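*Asks:* Shown below is the structure under consideration.
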Amino acid sequence: MNIEYIKMNGMDLAVVSGDQAEMTTPQAALDLAMTVRYEAGAGRIAIDKRVLGEDFFILSTGVAGEILQKFVNYRVKAAVYGDYSRYTSKPLRDFIYESNQGRHFFFAASREEALERLAQA
């Protein structure tokens with residue numbers, strides 16, 4: 001897992017990328033949130049969806065809800081970016097839609113879109 005820190009519109013942002021699912025538990029999400037907050041003062045994180053693993057996108061596992069709750073509890077705004085076109089689950093599509101209506105946790109098609117939204121939020 002790679003963490004890159006950038007500044008955009010005066011905001012400190014962290015970009016988390018990787019090719020493997022390394023943030024698969026709520027504790028791992030909390031550890032990441034605290035790492036970026038204390039290393040760089042960033043309270044906003046863009047996360048490559050590959051880092052989350054497939055269980056995140058199967059809502060019945062509860063992983064997505066628990067991870068989202070960690071971010072909300074610790075006041076970390078997050079955007080997950082990547083291609084979601086292969087997911088056909090109506091509950092997942094509804095979850096993505098509802099998340100995108102808010103300002104704290106949302107889904108974006110690209111890294112650039114995620115960063116732009118985080119820099120505004």
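Every chain in the structure tokens takes a letter, A first, then B, and so on in the order presented; its residues are numbered from 1, and the ligands are numbered from 1 following the presented order.
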Running DSSP on the backbone, which parts of chain A land in alpha helix (DSSP H), as a PyMOL selection string?

*Replies:* chain A and resi 26-40+63-73+90-101+111-120

*Asks:* Mind listing the strand (DSSP E) residues of chain A, per DSSP on the backbone, as a PyMOL selection string?

*Replies:* chain A and resi 2-8+11-17+44-48+77-81+105-108

*Asks:* Hey, could you make a per-residue contact list for range 35-77 of chain A against range 3-7 of chain A with 9 Å as the cut-off, showing the nearest pair of atoms and its distance in Å to one decimal, counting only C-alpha atoms, sorted by chain and number, as a tab-separated table?

*Replies:*
residue	atom	partner	partner_atom	distance
A:Val36	CA	A:Ile3	CA	8.2
A:Ala40	CA	A:Tyr5	CA	7.1
A:Ala42	CA	A:Tyr5	CA	8.0

*Asks:* Rounded to one decimal, what separation in Å do you get between CA of Val16 in chain A and CA of Ile47 in chain A?

*Replies:*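 Rounded to one decimal, the two atoms are 4.8 Å apart.
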
*Asks:* With only C-alpha atoms counted and 8 Å as the cut-off, give the residues of range 8-35 of chain A in contact with range 48-52 of chain A, each with its shortest interatomic distance in Å and the pair that gives it, as a tab-separated table.

*Replies:*
residue	atom	partner	partner_atom	distance
A:Val15	CA	A:Asp48	CA	7.9
A:Val16	CA	A:Asp48	CA	6.1
A:Ser17	CA	A:Asp48	CA	5.0
A:Gly18	CA	A:Val51	CA	5.8
A:Asp19	CA	A:Arg50	CA	5.9
A:Gln20	CA	A:Val51	CA	5.5
A:Ala21	CA	A:Val51	CA	4.2
A:Glu22	CA	A:Val51	CA	5.4
A:Met23	CA	A:Leu52	CA	5.0
A:Thr24	CA	A:Leu52	CA	5.5

*Asks:* For the interface of range 39-70 of chain A with range 27-33 of chain A (cut-off 12 Å, counting only C-alpha atoms), please tabulate each contacting residue of range 39-70 of chain A alongside its nearest pair of atoms and their separation in Å to one decimal, rows sorted by chain and increasing number, as JSON lines.

*Replies:*
{"residue": "A:Glu39", "atom": "CA", "partner": "A:Ala33", "partner_atom": "CA", "distance": 10.1}
{"residue": "A:Ala40", "atom": "CA", "partner": "A:Ala33", "partner_atom": "CA", "distance": 10.8}
{"residue": "A:Gly41", "atom": "CA", "partner": "A:Ala33", "partner_atom": "CA", "distance": 10.2}
{"residue": "A:Ala42", "atom": "CA", "partner": "A:Ala33", "partner_atom": "CA", "distance": 8.6}
{"residue": "A:Gly43", "atom": "CA", "partner": "A:Ala33", "partner_atom": "CA", "distance": 7.5}
{"residue": "A:Arg44", "atom": "CA", "partner": "A:Ala33", "partner_atom": "CA", "distance": 8.6}
{"residue": "A:Ile45", "atom": "CA", "partner": "A:Ala33", "partner_atom": "CA", "distance": 7.9}
{"residue": "A:Ala46", "atom": "CA", "partner": "A:Ala33", "partner_atom": "CA", "distance": 11.0}
{"residue": "A:Ile47", "atom": "CA", "partner": "A:Leu32", "partner_atom": "CA", "distance": 10.4}
{"residue": "A:Val51", "atom": "CA", "partner": "A:Ala29", "partner_atom": "CA", "distance": 10.4}
{"residue": "A:Leu52", "atom": "CA", "partner": "A:Ala29", "partner_atom": "CA", "distance": 9.1}
{"residue": "A:Phe56", "atom": "CA", "partner": "A:Ala29", "partner_atom": "CA", "distance": 11.5}
{"residue": "A:Val63", "atom": "CA", "partner": "A:Ala29", "partner_atom": "CA", "distance": 10.3}
{"residue": "A:Ala64", "atom": "CA", "partner": "A:Ala29", "partner_atom": "CA", "distance": 10.4}
{"residue": "A:Gly65", "atom": "CA", "partner": "A:Ala29", "partner_atom": "CA", "distance": 11.6}
{"residue": "A:Glu66", "atom": "CA", "partner": "A:Ala29", "partner_atom": "CA", "distance": 9.2}
{"residue": "A:Ile67", "atom": "CA", "partner": "A:Ala29", "partner_atom": "CA", "distance": 6.1}
{"residue": "A:Leu68", "atom": "CA", "partner": "A:Ala29", "partner_atom": "CA", "distance": 8.8}
{"residue": "A:Gln69", "atom": "CA", "partner": "A:Leu30", "partner_atom": "CA", "distance": 9.7}
{"residue": "A:Lys70", "atom": "CA", "partner": "A:Leu30", "partner_atom": "CA", "distance": 6.1}

*Asks:* Keeping only C-alpha atoms, write the selected residues as an mmCIF file, in the first residue's frame.

*Replies:*
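Saved as part06.cif:
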data_model
loop_
_atom_site.group_PDB
_atom_site.id
_atom_site.type_symbol
_atom_site.label_atom_id
_atom_site.label_comp_id
_atom_site.auth_asym_id
_atom_site.auth_seq_id
_atom_site.Cartn_x
_atom_site.Cartn_y
_atom_site.Cartn_z
ATOM 1 C CA GLU A 39 1.915 11.999 9.676
ATOM 2 C CA ALA A 40 0.620 14.758 7.433
ATOM 3 C CA GLY A 41 -2.323 16.364 9.181
ATOM 4 C CA ALA A 42 -4.587 15.089 6.418
ATOM 5 C CA GLY A 43 -8.222 14.493 7.269
ATOM 6 C CA ARG A 44 -9.179 13.615 3.710
ATOM 7 C CA ILE A 45 -8.233 10.400 1.956
ATOM 8 C CA ALA A 46 -8.618 9.196 -1.628
ATOM 9 C CA ILE A 47 -8.499 5.389 -1.689
ATOM 10 C CA VAL A 51 -6.863 -1.529 -1.620
ATOM 11 C CA LEU A 52 -10.253 -2.312 -0.063
ATOM 12 C CA PHE A 56 -16.096 -4.193 0.903
ATOM 13 C CA VAL A 63 -17.302 -4.389 5.954
ATOM 14 C CA ALA A 64 -18.312 -1.261 4.005
ATOM 15 C CA GLY A 65 -20.601 -0.037 6.767
ATOM 16 C CA GLU A 66 -18.025 -0.625 9.488
ATOM 17 C CA ILE A 67 -15.263 1.114 7.537
ATOM 18 C CA LEU A 68 -17.542 4.036 6.714
ATOM 19 C CA GLN A 69 -18.474 4.311 10.393
ATOM 20 C CA LYS A 70 -14.791 4.512 11.416
#

*Asks:* For Glu116 in chain A, which residue out of A:Ser89, A:Met1, A:Pro26, A:Tyr81 is the nearest one, using only C-alpha atoms?

*Replies:* A:Tyr81
